[in-house]
Amino acid sequence: MNPNNKDLTNESLQGNEKIETAIAALQQETTEEMLAHVLTIIRRSMKENKQLIIAVEPPKGDGKINLQTIRTNDGKQWLAAFTSFDEELKGSDKIMSTFTAEIDKIFLTALQEPSIEGVIINPWNRTIMLNKSLINIILGNPV
């Protein structure tokens, strides 16, 4: 990591490179064992109260801030979350307003919103798409 990176000033993001490394390994070797490893790393980070970065949409007149979503080619909407500010900047074509949030809170938000399919972590690079079944596994909820 770049020593001048502002992620180092946000303690809640420190250690998220473990998630990035696990996702990269999954991309190299797509097996159930590697997926289980990634889910375990995300669960550990969640239990350590680590956070992810969430992009938000500016208020549209109603004063409410909405979480930014990504629509996939199949028309489904996903919440986008990032492990670091570097990951956030890799593929976005526009400036985003962001904040950090605890991983479990992001997952619970996705589970409670019927129009959301799940959470995409790092949609521009080292990507994993966590549908609601995988989110429930991470949270320890019976599926």
# chains A, B, ... in the order shown; residues from 1 in each chain; ligands from 1
call {"tool": "select_by_dssp", "arguments": {"residues": "chain A", "states": "strand (DSSP E)", "output": "ChimeraX atom specification"}}
result
/A:51-57,66-67,69-71,77-82,97-102,116-121,128-131
call {"tool": "residues_around", "arguments": {"residues": "Pro123 of chain A", "least_positions_apart": "2", "cutoff": "10 Å", "atoms": "only C-alpha atoms", "output": "list in words"}}
result
Ile70, Trp78, Leu79, Ala80, Ala81, Phe82, Glu87, Glu88, Lys90, Gly91, Ser92, Val119, Ile120, Ile121, Asn125, Arg126, Thr127, Ile128 and Met129 of chain A
call {"tool": "write_last_selection", "arguments": {"atoms": "N, CA and C atoms", "output": "PDB file, in the first residue's frame"}}
result
ATOM      1  N   ILE A  70     -25.680  -0.260  -8.472  1.00  0.00           N
ATOM      2  CA  ILE A  70     -25.171  -0.619  -9.793  1.00  0.00           C
ATOM      3  C   ILE A  70     -26.199  -1.557 -10.411  1.00  0.00           C
ATOM      4  N   TRP A  78     -27.724  -3.724  -7.380  1.00  0.00           N
ATOM      5  CA  TRP A  78     -26.825  -4.152  -6.305  1.00  0.00           C
ATOM      6  C   TRP A  78     -26.285  -2.918  -5.600  1.00  0.00           C
ATOM      7  N   LEU A  79     -26.087  -3.022  -4.288  1.00  0.00           N
ATOM      8  CA  LEU A  79     -25.349  -1.983  -3.581  1.00  0.00           C
ATOM      9  C   LEU A  79     -23.876  -2.150  -3.929  1.00  0.00           C
ATOM     10  N   ALA A  80     -23.172  -1.050  -4.058  1.00  0.00           N
ATOM     11  CA  ALA A  80     -21.735  -1.090  -4.333  1.00  0.00           C
ATOM     12  C   ALA A  80     -20.992  -0.718  -3.055  1.00  0.00           C
ATOM     13  N   ALA A  81     -19.982  -1.523  -2.718  1.00  0.00           N
ATOM     14  CA  ALA A  81     -19.155  -1.242  -1.553  1.00  0.00           C
ATOM     15  C   ALA A  81     -17.696  -1.436  -1.954  1.00  0.00           C
ATOM     16  N   PHE A  82     -16.817  -0.703  -1.290  1.00  0.00           N
ATOM     17  CA  PHE A  82     -15.400  -0.717  -1.652  1.00  0.00           C
ATOM     18  C   PHE A  82     -14.559  -0.970  -0.414  1.00  0.00           C
ATOM     19  N   GLU A  87      -9.720   1.408  -4.447  1.00  0.00           N
ATOM     20  CA  GLU A  87     -10.654   0.561  -5.195  1.00  0.00           C
ATOM     21  C   GLU A  87     -11.834   1.386  -5.718  1.00  0.00           C
ATOM     22  N   GLU A  88     -12.296   2.300  -4.911  1.00  0.00           N
ATOM     23  CA  GLU A  88     -13.424   3.140  -5.321  1.00  0.00           C
ATOM     24  C   GLU A  88     -13.084   3.935  -6.577  1.00  0.00           C
ATOM     25  N   LYS A  90     -10.933   3.267  -9.000  1.00  0.00           N
ATOM     26  CA  LYS A  90     -10.401   2.537 -10.155  1.00  0.00           C
ATOM     27  C   LYS A  90     -11.254   2.586 -11.400  1.00  0.00           C
ATOM     28  N   GLY A  91     -12.563   2.580 -11.279  1.00  0.00           N
ATOM     29  CA  GLY A  91     -13.354   2.483 -12.495  1.00  0.00           C
ATOM     30  C   GLY A  91     -14.496   3.455 -12.590  1.00  0.00           C
ATOM     31  N   SER A  92     -14.679   4.249 -11.597  1.00  0.00           N
ATOM     32  CA  SER A  92     -15.792   5.176 -11.636  1.00  0.00           C
ATOM     33  C   SER A  92     -15.513   6.298 -12.625  1.00  0.00           C
ATOM     34  N   VAL A 119     -24.860  -7.230  -2.602  1.00  0.00           N
ATOM     35  CA  VAL A 119     -23.780  -6.246  -2.510  1.00  0.00           C
ATOM     36  C   VAL A 119     -22.644  -6.684  -3.429  1.00  0.00           C
ATOM     37  N   ILE A 120     -22.167  -5.754  -4.247  1.00  0.00           N
ATOM     38  CA  ILE A 120     -20.963  -5.992  -5.034  1.00  0.00           C
ATOM     39  C   ILE A 120     -19.822  -5.287  -4.317  1.00  0.00           C
ATOM     40  N   ILE A 121     -18.829  -6.055  -3.899  1.00  0.00           N
ATOM     41  CA  ILE A 121     -17.646  -5.455  -3.285  1.00  0.00           C
ATOM     42  C   ILE A 121     -16.632  -5.215  -4.399  1.00  0.00           C
ATOM     43  N   ASN A 125     -12.780  -3.772  -9.838  1.00  0.00           N
ATOM     44  CA  ASN A 125     -11.555  -4.572  -9.777  1.00  0.00           C
ATOM     45  C   ASN A 125     -11.833  -5.702  -8.802  1.00  0.00           C
ATOM     46  N   ARG A 126     -10.986  -6.499  -8.394  1.00  0.00           N
ATOM     47  CA  ARG A 126     -11.146  -7.528  -7.359  1.00  0.00           C
ATOM     48  C   ARG A 126     -12.586  -7.618  -6.833  1.00  0.00           C
ATOM     49  N   THR A 127     -13.468  -8.026  -7.727  1.00  0.00           N
ATOM     50  CA  THR A 127     -14.909  -7.980  -7.501  1.00  0.00           C
ATOM     51  C   THR A 127     -15.453  -9.294  -6.959  1.00  0.00           C
ATOM     52  N   ILE A 128     -16.389  -9.169  -6.027  1.00  0.00           N
ATOM     53  CA  ILE A 128     -17.210 -10.309  -5.638  1.00  0.00           C
ATOM     54  C   ILE A 128     -18.643  -9.812  -5.503  1.00  0.00           C
ATOM     55  N   MET A 129     -19.559 -10.590  -6.067  1.00  0.00           N
ATOM     56  CA  MET A 129     -20.982 -10.271  -5.989  1.00  0.00           C
ATOM     57  C   MET A 129     -21.594 -11.180  -4.929  1.00  0.00           C
TER      58      MET A 129
END
call {"tool": "atom_distance", "arguments": {"atom1": "atom CA of Pro114 of chain A", "atom2": "atom CA of Lys132 of chain A"}}
result
10.3 Å
call {"tool": "select_by_dssp", "arguments": {"residues": "segment 2-128 of chain A", "states": "helix (DSSP H, G or I)", "output": "ChimeraX atom specification"}}
result
/A:6-9,11-13,17-28,32-47,85-89,103-112
call {"tool": "residues_around", "arguments": {"residues": "segment 11-19 of chain A", "least_positions_apart": "6", "cutoff": "6 Å", "atoms": "only C-alpha atoms", "output": "list in words"}}
result
Lys50, Gln51 and Thr83 of chain A
call {"tool": "write_last_selection", "arguments": {"atoms": "C-alpha atoms", "output": "short mmCIF file (atom, residue, chain, number, x, y, z; two decimals), in the first residue's frame"}}
result
data_model
loop_
_atom_site.label_atom_id
_atom_site.label_comp_id
_atom_site.auth_asym_id
_atom_site.auth_seq_id
_atom_site.Cartn_x
_atom_site.Cartn_y
_atom_site.Cartn_z
CA LYS A 50 -14.14 -3.22 9.90
CA GLN A 51 -15.95 -1.00 7.46
CA THR A 83 -12.59 -2.04 0.51
#
call {"tool": "atom_distance", "arguments": {"atom1": "atom CA of Glu48 of chain A", "atom2": "atom CA of Ser115 of chain A"}}
result
28.9 Å
call {"tool": "atom_distance", "arguments": {"atom1": "atom CA of Leu52 of chain A", "atom2": "atom CA of Leu26 of chain A"}}
result
19.4 Å
call {"tool": "closest_residue", "arguments": {"among": "A:Arg71, A:His37, A:Lys64, A:Arg43", "to": "Ile116 of chain A", "atoms": "only C-alpha atoms"}}
result
A:Arg71
call {"tool": "closest_residue", "arguments": {"among": "A:Pro58, A:Gly75, A:Lys105, A:Glu29", "to": "Met46 of chain A", "atoms": "only C-alpha atoms"}}
result
A:Lys105
